[in-house]
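Raw entry29.cif, mmCIF, C-alpha atoms:
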data_structure
#
loop_
_atom_site.label_atom_id
_atom_site.label_comp_id
_atom_site.auth_asym_id
_atom_site.auth_seq_id
_atom_site.Cartn_x
_atom_site.Cartn_y
_atom_site.Cartn_z
CA MET Z 1 14.27 13.07 16.99
CA GLY Z 2 14.10 14.22 13.39
CA TRP Z 3 13.20 17.08 11.16
CA VAL Z 4 9.75 18.20 10.15
CA THR Z 5 10.50 18.03 6.42
CA GLU Z 6 12.18 14.61 6.64
CA ARG Z 7 10.57 11.91 4.47
CA LEU Z 8 10.76 8.26 5.44
CA THR Z 9 10.58 5.28 3.16
CA ARG Z 10 7.98 2.60 3.81
CA ASP Z 11 10.59 0.25 5.38
CA GLU Z 12 11.92 3.02 7.61
CA ARG Z 13 8.42 3.96 8.75
CA ASP Z 14 7.61 0.32 9.54
CA ASP Z 15 10.83 -0.01 11.51
CA VAL Z 16 10.05 3.08 13.59
CA GLU Z 17 6.47 1.94 14.21
CA ARG Z 18 7.62 -1.51 15.40
CA GLN Z 19 10.08 0.00 17.85
CA LEU Z 20 7.60 2.55 19.21
CA GLU Z 21 4.95 -0.16 19.58
CA PHE Z 22 7.34 -2.21 21.74
CA TRP Z 23 8.22 0.70 24.01
CA TYR Z 24 4.62 1.86 24.32
CA SER Z 25 3.58 -1.67 25.31
CA SER Z 26 6.37 -1.62 27.93
CA GLY Z 27 4.78 1.37 29.67
CA TYR Z 28 6.72 4.22 28.04
CA CYS Z 29 4.76 7.32 27.13
CA PRO Z 30 5.96 9.87 24.50
CA ASP Z 31 7.49 12.12 27.19
CA ALA Z 32 9.34 9.13 28.67
CA LEU Z 33 10.73 8.22 25.25
CA LEU Z 34 11.95 11.77 24.66
CA ILE Z 35 13.75 11.69 28.01
CA ALA Z 36 15.22 8.25 27.25
CA LEU Z 37 16.55 9.48 23.90
CA SER Z 38 18.31 12.37 25.66
CA ALA Z 39 19.83 10.55 28.64
CA LEU Z 40 20.68 7.06 29.97
CA PRO Z 41 19.12 5.59 33.15
CA ASP Z 42 22.15 6.79 35.19
CA GLY Z 43 21.71 10.36 33.93
CA THR Z 44 24.49 10.34 31.36
CA ARG Z 45 23.66 12.56 28.41
CA GLN Z 46 23.29 10.82 25.05
CA ARG Z 47 24.83 12.29 21.94
CA PRO Z 48 22.42 14.07 19.58
CA ARG Z 49 21.42 12.63 16.30
CA GLN Z 50 24.17 12.73 13.72
CA SER Z 51 23.81 13.84 10.14
CA GLY Z 52 22.88 10.91 7.91
CA GLU Z 53 21.68 8.76 10.83
CA ARG Z 54 18.34 7.22 9.93
CA PRO Z 55 15.44 7.41 12.45
CA GLY Z 56 15.33 3.64 13.03
CA GLU Z 57 19.06 3.43 13.73
CA PHE Z 58 18.83 6.47 16.00
CA LEU Z 59 16.02 4.95 18.07
CA ARG Z 60 17.72 1.56 18.32
CA SER Z 61 21.12 2.91 19.38
CA ARG Z 62 19.79 5.42 21.96
CA LEU Z 63 17.23 3.09 23.54
CA ASN Z 64 19.57 0.10 23.85
CA GLY Z 65 20.81 1.58 27.13
CA TRP Z 66 17.32 1.27 28.63
CA PHE Z 67 17.31 -2.55 28.49
CA ARG Z 68 18.24 -4.38 31.67
CA GLU Z 69 21.56 -6.21 31.36
CA THR Z 70 21.62 -8.44 34.45
CA SER Z 71 22.17 -12.18 34.14
CA ASP Z 72 18.64 -13.13 35.25
CA THR Z 73 16.76 -10.88 32.84
CA THR Z 74 15.57 -11.45 29.29
CA MET Z 75 16.20 -9.30 26.28
CA SER Z 76 12.68 -7.84 26.51
CA GLU Z 77 13.01 -6.47 30.09
CA VAL Z 78 13.51 -2.73 30.28
CA HIS Z 79 14.14 -0.15 32.97
CA GLU Z 80 11.32 1.72 34.58
CA PRO Z 81 10.16 4.64 32.41
CA PRO Z 82 11.82 7.93 33.38
CA ARG Z 83 8.35 9.45 33.53
CA LYS Z 84 5.13 7.66 34.30
CA GLY Z 85 2.40 7.82 31.70
CA GLN Z 86 -1.28 7.04 31.88
CA SER Z 87 -3.84 5.39 29.66
CA PHE Z 88 -6.40 7.35 27.70
CA GLU Z 89 -9.17 6.08 30.00
CA ALA Z 90 -7.30 7.34 33.07
CA TRP Z 91 -6.57 10.68 31.41
CA PHE Z 92 -10.21 11.08 30.37
CA ALA Z 93 -11.53 10.26 33.85
CA ASN Z 94 -9.04 12.68 35.43
CA ASN Z 95 -9.95 15.37 32.92
CA ARG Z 96 -13.65 14.95 33.71
CA ARG Z 97 -13.00 15.22 37.43
CA GLN Z 98 -10.86 18.31 36.93
CA SER Z 99 -13.50 19.95 34.73
CA ALA Z 100 -16.22 19.23 37.29
CA ALA Z 101 -14.08 20.68 40.09
CA ASP Z 102 -13.21 23.81 38.13
CA GLY Z 103 -16.71 24.25 36.68
CA THR Z 104 -15.29 24.30 33.17
CA GLY Z 105 -17.20 21.28 31.86
CA ARG Z 106 -19.33 21.37 28.76
CA ARG Z 107 -22.52 23.32 29.18
CA ALA Z 108 -25.64 23.19 27.08
CA PRO Z 109 -25.46 25.81 24.32
CA ARG Z 110 -27.54 28.92 24.93
CA VAL Z 111 -30.38 29.28 22.44
CA THR Z 112 -31.02 32.73 21.02
CA GLU Z 113 -34.48 34.20 20.62
CA ALA Z 114 -34.53 33.34 16.90
CA GLY Z 115 -33.49 29.78 17.66
CA ARG Z 116 -36.18 29.44 20.34
CA GLN Z 117 -38.87 30.65 17.91
CA ALA Z 118 -37.66 28.27 15.19
CA ARG Z 119 -37.76 25.36 17.64
CA GLU Z 120 -41.32 26.21 18.71
CA GLN Z 121 -42.44 26.49 15.08
CA ALA Z 122 -40.90 23.12 14.28
CA ARG Z 123 -42.66 21.53 17.24
CA ALA Z 124 -46.00 23.08 16.25
CA PHE Z 125 -45.60 21.88 12.67
CA ALA Z 126 -44.74 18.35 13.82
CA ALA Z 127 -47.75 18.27 16.17
CA SER Z 128 -50.23 19.53 13.54
CA LYS Z 129 -52.77 17.15 12.04
CA ARG Z 130 -51.17 16.76 8.65
CA LYS Z 131 -52.81 14.52 6.11
CA ASP Z 132 -51.23 11.35 4.89
CA PRO Z 133 -49.07 11.86 1.75
CA LEU Z 134 -51.16 9.33 -0.16
CA VAL Z 135 -54.36 11.19 0.77
CA ARG Z 136 -52.84 14.49 -0.42
CA LEU Z 137 -51.82 12.88 -3.71
CA ARG Z 138 -55.32 11.52 -4.28
CA GLU Z 139 -56.86 14.91 -3.54
CA SER Z 140 -54.47 16.51 -6.01
CA GLU Z 141 -55.48 13.99 -8.70
CA GLN Z 142 -59.14 14.67 -7.98
CA ARG Z 143 -58.62 18.42 -8.34
CA ARG Z 144 -56.79 17.88 -11.62
CA ALA Z 145 -59.56 15.62 -12.94
CA ALA Z 146 -62.20 18.18 -11.92
CA ALA Z 147 -60.30 20.94 -13.70
CA LEU Z 148 -60.13 18.87 -16.91
CA ASP Z 149 -63.83 18.01 -16.68
CA SER Z 150 -64.66 21.72 -16.41
CA LEU Z 151 -63.02 22.30 -19.81
CA ARG Z 152 -65.19 19.69 -21.57
CA VAL Z 153 -67.97 21.03 -23.79
CA GLU Z 154 -71.46 20.30 -22.47
CA GLY Z 155 -73.13 17.42 -24.32
CA ALA Z 156 -69.95 16.33 -26.08
CA PRO Z 157 -68.92 12.73 -25.49
CA ALA Z 158 -65.88 12.10 -23.36
CA PRO Z 159 -62.75 11.51 -25.42
CA ALA Z 160 -61.83 7.88 -25.84
CA ILE Z 161 -58.54 7.00 -24.24
CA PRO Z 162 -56.71 4.35 -26.25
CA ALA Z 163 -55.95 1.16 -24.37
CA PRO Z 164 -52.32 0.62 -23.47
CA PRO Z 165 -50.44 -1.90 -25.61
CA ALA Z 166 -50.54 -5.48 -24.44
CA GLU Z 167 -47.72 -6.31 -22.06
CA THR Z 168 -45.04 -8.41 -23.64
CA ARG Z 169 -43.81 -11.20 -21.42
CA ALA Z 170 -40.98 -13.62 -21.93
CA THR Z 171 -42.29 -17.09 -22.69
CA PRO Z 172 -40.86 -20.13 -20.87
CA ARG Z 173 -39.18 -21.30 -24.09
CA MET Z 174 -37.47 -17.94 -24.50
CA VAL Z 175 -36.19 -18.12 -20.92
CA ALA Z 176 -35.10 -21.74 -21.43
CA SER Z 177 -33.19 -20.83 -24.60
CA PHE Z 178 -31.44 -17.95 -22.82
CA ALA Z 179 -30.59 -20.13 -19.80
CA ALA Z 180 -29.23 -22.83 -22.13
CA ARG Z 181 -26.89 -20.42 -23.91
CA GLN Z 182 -25.61 -19.10 -20.57
CA SER Z 183 -25.08 -22.65 -19.29
CA VAL Z 184 -23.21 -23.75 -22.42
CA THR Z 185 -20.94 -20.72 -22.15
CA ALA Z 186 -20.25 -21.30 -18.45
CA ARG Z 187 -19.38 -24.99 -19.10
CA SER Z 188 -17.02 -24.26 -21.99
CA PRO Z 189 -13.72 -26.12 -21.35
CA GLN Z 190 -11.62 -23.08 -22.27
CA VAL Z 191 -13.59 -20.74 -20.00
CA VAL Z 192 -13.58 -23.24 -17.12
CA ARG Z 193 -9.83 -23.84 -17.46
CA ILE Z 194 -8.98 -20.12 -17.34
CA VAL Z 195 -11.34 -19.36 -14.45
CA GLU Z 196 -10.14 -22.34 -12.38
CA ARG Z 197 -6.50 -21.33 -12.84
CA LEU Z 198 -7.20 -17.76 -11.72
CA ARG Z 199 -9.23 -19.04 -8.76
CA ALA Z 200 -6.45 -21.45 -7.74
CA GLU Z 201 -3.86 -18.66 -7.92
CA LYS Z 202 -6.24 -16.27 -6.08
CA ARG Z 203 -5.69 -13.35 -8.42
CA GLY Z 204 -7.36 -11.39 -11.16
CA PRO Z 205 -6.58 -11.77 -14.87
CA SER Z 206 -3.84 -9.75 -16.50
CA ALA Z 207 -4.51 -7.74 -19.64
CA ALA Z 208 -3.37 -10.59 -21.88
CA GLU Z 209 -5.32 -13.19 -19.90
CA LEU Z 210 -8.42 -11.01 -20.01
CA ALA Z 211 -8.19 -10.81 -23.79
CA VAL Z 212 -7.87 -14.62 -24.00
CA LEU Z 213 -10.85 -15.03 -21.65
CA ARG Z 214 -12.97 -12.67 -23.75
CA ASN Z 215 -12.13 -14.62 -26.88
CA ALA Z 216 -13.01 -17.88 -25.12
CA VAL Z 217 -16.36 -16.48 -24.00
CA ARG Z 218 -17.04 -15.18 -27.50
CA ASP Z 219 -16.30 -18.62 -28.98
CA ALA Z 220 -18.53 -20.24 -26.36
CA HIS Z 221 -21.38 -17.85 -27.26
CA HIS Z 222 -20.95 -18.78 -30.92
CA SER Z 223 -21.08 -22.50 -30.08
CA ALA Z 224 -24.15 -21.92 -27.90
CA GLY Z 225 -25.88 -20.14 -30.79
CA LEU Z 226 -25.18 -23.06 -33.12
CA GLY Z 227 -26.43 -25.46 -30.46
CA THR Z 228 -29.65 -23.44 -30.18
CA LEU Z 229 -30.24 -23.78 -33.94
CA GLU Z 230 -29.55 -27.53 -33.77
CA ALA Z 231 -31.92 -27.95 -30.82
CA ALA Z 232 -34.68 -25.98 -32.55
CA SER Z 233 -34.40 -28.17 -35.65
CA ALA Z 234 -34.35 -31.35 -33.59
CA HIS Z 235 -37.35 -30.17 -31.57
CA VAL Z 236 -39.35 -29.83 -34.78
CA GLY Z 237 -38.09 -32.95 -36.56
CA ASP Z 238 -37.69 -35.08 -33.42
CA ASP Z 239 -34.28 -36.31 -34.57
CA THR Z 240 -31.43 -36.02 -32.06
CA SER Z 241 -28.93 -38.36 -33.71
CA GLU Z 242 -26.89 -35.57 -35.28
CA LEU Z 243 -26.86 -33.20 -32.31
CA THR Z 244 -23.63 -32.04 -30.72
CA SER Z 245 -23.18 -31.91 -26.93
CA ASP Z 246 -24.11 -28.21 -26.95
CA GLY Z 247 -27.23 -28.90 -28.98
CA LEU Z 248 -28.26 -31.71 -26.67
CA ARG Z 249 -27.85 -29.45 -23.64
CA VAL Z 250 -29.92 -26.68 -25.22
CA LEU Z 251 -32.60 -29.21 -26.16
CA SER Z 252 -32.67 -30.46 -22.57
CA PHE Z 253 -33.36 -26.92 -21.38
CA LEU Z 254 -36.18 -26.56 -23.91
CA ASP Z 255 -37.72 -29.86 -22.77
CA HIS Z 256 -37.72 -28.67 -19.15
CA ALA Z 257 -39.45 -25.37 -19.94
CA ASP Z 258 -42.51 -25.12 -17.72
CA GLU Z 259 -45.51 -22.81 -17.84
CA ASN Z 260 -45.03 -21.21 -14.44
CA ARG Z 261 -45.08 -17.60 -13.39
CA LEU Z 262 -41.81 -17.46 -11.52
CA PRO Z 263 -39.47 -14.48 -11.94
CA ILE Z 264 -37.00 -14.89 -14.77
CA ASP Z 265 -33.93 -15.30 -12.53
CA ALA Z 266 -35.71 -17.93 -10.42
CA MET Z 267 -36.88 -19.74 -13.57
CA ILE Z 268 -33.29 -19.80 -14.89
CA ARG Z 269 -31.97 -21.28 -11.65
CA LEU Z 270 -34.75 -23.88 -11.59
CA LEU Z 271 -34.07 -24.92 -15.19
CA THR Z 272 -30.31 -25.15 -14.59
CA VAL Z 273 -30.78 -27.37 -11.52
CA ALA Z 274 -33.27 -29.60 -13.32
CA VAL Z 275 -31.00 -30.07 -16.34
CA ASP Z 276 -27.87 -30.70 -14.24
CA GLU Z 277 -29.69 -33.30 -12.14
CA THR Z 278 -30.92 -35.22 -15.19
CA ALA Z 279 -27.75 -34.86 -17.29
CA PRO Z 280 -25.57 -37.98 -17.59
CA PRO Z 281 -22.21 -37.84 -15.72
CA GLN Z 282 -19.33 -36.48 -17.70
CA ASP Z 283 -16.24 -38.56 -18.35
#

Rendering of file as C-alpha cells:
Amino acid sequence: MGWVTERLTRDERDDVERQLEFWYSSGYCPDALLIALSALPDGTRQRPRQSGERPGEFLRSRLNGWFRETSDTTMSEVHEPPRKGQSFEAWFANNRRQSAADGTGRRAPRVTEAGRQAREQARAFAASKRKDPLVRLRESEQRRAAALDSLRVEGAPAPAIPAPPAETRATPRMVASFAARQSVTARSPQVVRIVERLRAEKRGPSAAELAVLRNAVRDAHHSAGLGTLEAASAHVGDDTSELTSDGLRVLSFLDHADENRLPIDAMIRLLTVAVDETAPPQD
C-alpha cells in the first residue's frame, strides 16, 4: 500500500486506523484487504497507487468498490471478503492441535547436570533448619557484647554510658498554632479565588498564574503570622476587642488545643473540624 520510509501525520494515521477498524469489524483480514486493494469483486484489476496519493485517499478509493450498491442495502454493507480470516482464538486453538499432531509442541527444557546439582542444593538449603533472622541478630549482639566485655580490665568499673537526650515532642499549643496558620492561608480570599477558578476550568496554572498564586500564599502566610502574634497577646491579656479575623481564628485554634497523644496530622484535622464547627457563619 505504501512505502516503508513513508511518514504519516497524526490526522492521516487516524484516518487509516478508522478505515481499517471498519473493515476488520466487517470480517476482512489483512490478506483479504490486500486482495481487495488489488482487484474489484468481479476480478477487475485496480490501478496501483499513484505518486502523491495519500494512504487514506488510496484506501477509500480502492475499497469503495467492495460496498454493496443494491437498492435494499445500507452504506455499511460490504461484499464477502475475498479470503476468509479467523480470530486469534481460532488460530491459537488450531495451532495447538497442529502442534500436538506433529509432536512439535513445547517440551519441558532439559536440565543439565550442573543445573540439576544447583536445584538439589537449593532444595537442601531451603529444607535446612535455619534460625530465625531475629534470633541470629540477637546472637550476633551477644557475641559482640562478650567480645567487648573481654577487653575490660579486671576490677575496673564499667564505663558509664550517658543517657540519651530527652525526646522533644511538639506541644498541643505548637500544633494548634501551626494548624491555625495553615487554615488561615487556605481560607485566604485570594488563594481561594485562584484555586476555585482553576478547579472550575479543570486545568493547571500557567507560569504567570503560578507566580500570582505563590504571591497570594506568601501574603496569606504573612497575615497568618501577624494573626498568631495578635492571638498570643490576646491570650495573655484576655482582650479580643482589637483582634482581626485572622487573629480570632488563630485564637480559636489555641483555645481548642487539647492534651491528647494523637499523631500530629490527626490532631490538626481534629482541631480544624472543631474550629470550623464552632465558627460563626460567614457572610

Please determine the residues with any atom at most 12 Å from (-31.1, -30.1, -22.7) (coordinates as given in the file, with only C-alpha atoms counting) and report them as a PyMOL selection string. chain Z and resi 176-177+179-181+183-184+224+227-228+230-232+234-235+240+243-257+271-280

Gap from CA of Gln182 (chain Z) to CA of His221 (chain Z) - Å, one decimal: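 For CA of Gln182 (chain Z) relative to CA of His221 (chain Z), the distance reads 8.0 Å.
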
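Across the model, the gap from CA of Glu57 (chain Z) to CA of Glu17 (chain Z) is 12.7 Å.
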
May I have a table of the residues of region 11-52 of chain Z lying at most 10 Å from region 77-100 of chain Z, giving each one's closest pair of atoms and their distance in Å to one decimal, counting only C-alpha atoms, ordered by chain and ascending residue number, as JSON lines?
{"residue": "Z:Trp23", "atom": "CA", "partner": "Z:Val78", "partner_atom": "CA", "distance": 8.9}
{"residue": "Z:Tyr24", "atom": "CA", "partner": "Z:Gly85", "partner_atom": "CA", "distance": 9.7}
{"residue": "Z:Ser26", "atom": "CA", "partner": "Z:Val78", "partner_atom": "CA", "distance": 7.6}
{"residue": "Z:Gly27", "atom": "CA", "partner": "Z:Pro81", "partner_atom": "CA", "distance": 6.9}
{"residue": "Z:Tyr28", "atom": "CA", "partner": "Z:Pro81", "partner_atom": "CA", "distance": 5.6}
{"residue": "Z:Cys29", "atom": "CA", "partner": "Z:Gly85", "partner_atom": "CA", "distance": 5.2}
{"residue": "Z:Pro30", "atom": "CA", "partner": "Z:Gly85", "partner_atom": "CA", "distance": 8.3}
{"residue": "Z:Asp31", "atom": "CA", "partner": "Z:Arg83", "partner_atom": "CA", "distance": 6.9}
{"residue": "Z:Ala32", "atom": "CA", "partner": "Z:Arg83", "partner_atom": "CA", "distance": 5.0}
{"residue": "Z:Leu33", "atom": "CA", "partner": "Z:Pro81", "partner_atom": "CA", "distance": 8.0}
{"residue": "Z:Leu34", "atom": "CA", "partner": "Z:Pro82", "partner_atom": "CA", "distance": 9.5}
{"residue": "Z:Ile35", "atom": "CA", "partner": "Z:Pro82", "partner_atom": "CA", "distance": 6.8}
{"residue": "Z:Ala36", "atom": "CA", "partner": "Z:Pro82", "partner_atom": "CA", "distance": 7.0}
{"residue": "Z:Ala39", "atom": "CA", "partner": "Z:Pro82", "partner_atom": "CA", "distance": 9.7}
{"residue": "Z:Leu40", "atom": "CA", "partner": "Z:Pro82", "partner_atom": "CA", "distance": 9.5}
{"residue": "Z:Pro41", "atom": "CA", "partner": "Z:His79", "partner_atom": "CA", "distance": 7.6}

Find, counting all atoms listed in the file, the residue in Z:Arg13, Z:Arg187, Z:Arg62, Z:Arg138 that gets nearest to Gln46 (chain Z). Z:Arg62

To one decimal place in Å, what is the distance between CA of Ala126 (chain Z) and CA of Glu113 (chain Z)? 20.1 Å

For the PyMOL selection byres ((chain Z and resi 267) around 9), applied here, can you spell out every residue it catches as a list in words?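 Applying the expression gives Pro172, Val175, Ala176, Ala179, Ala257, Asp258, Asn260, Arg261, Leu262, Pro263, Ile264, Asp265, Ala266, Ile268, Arg269, Leu270, Leu271 and Thr272 of chain Z.
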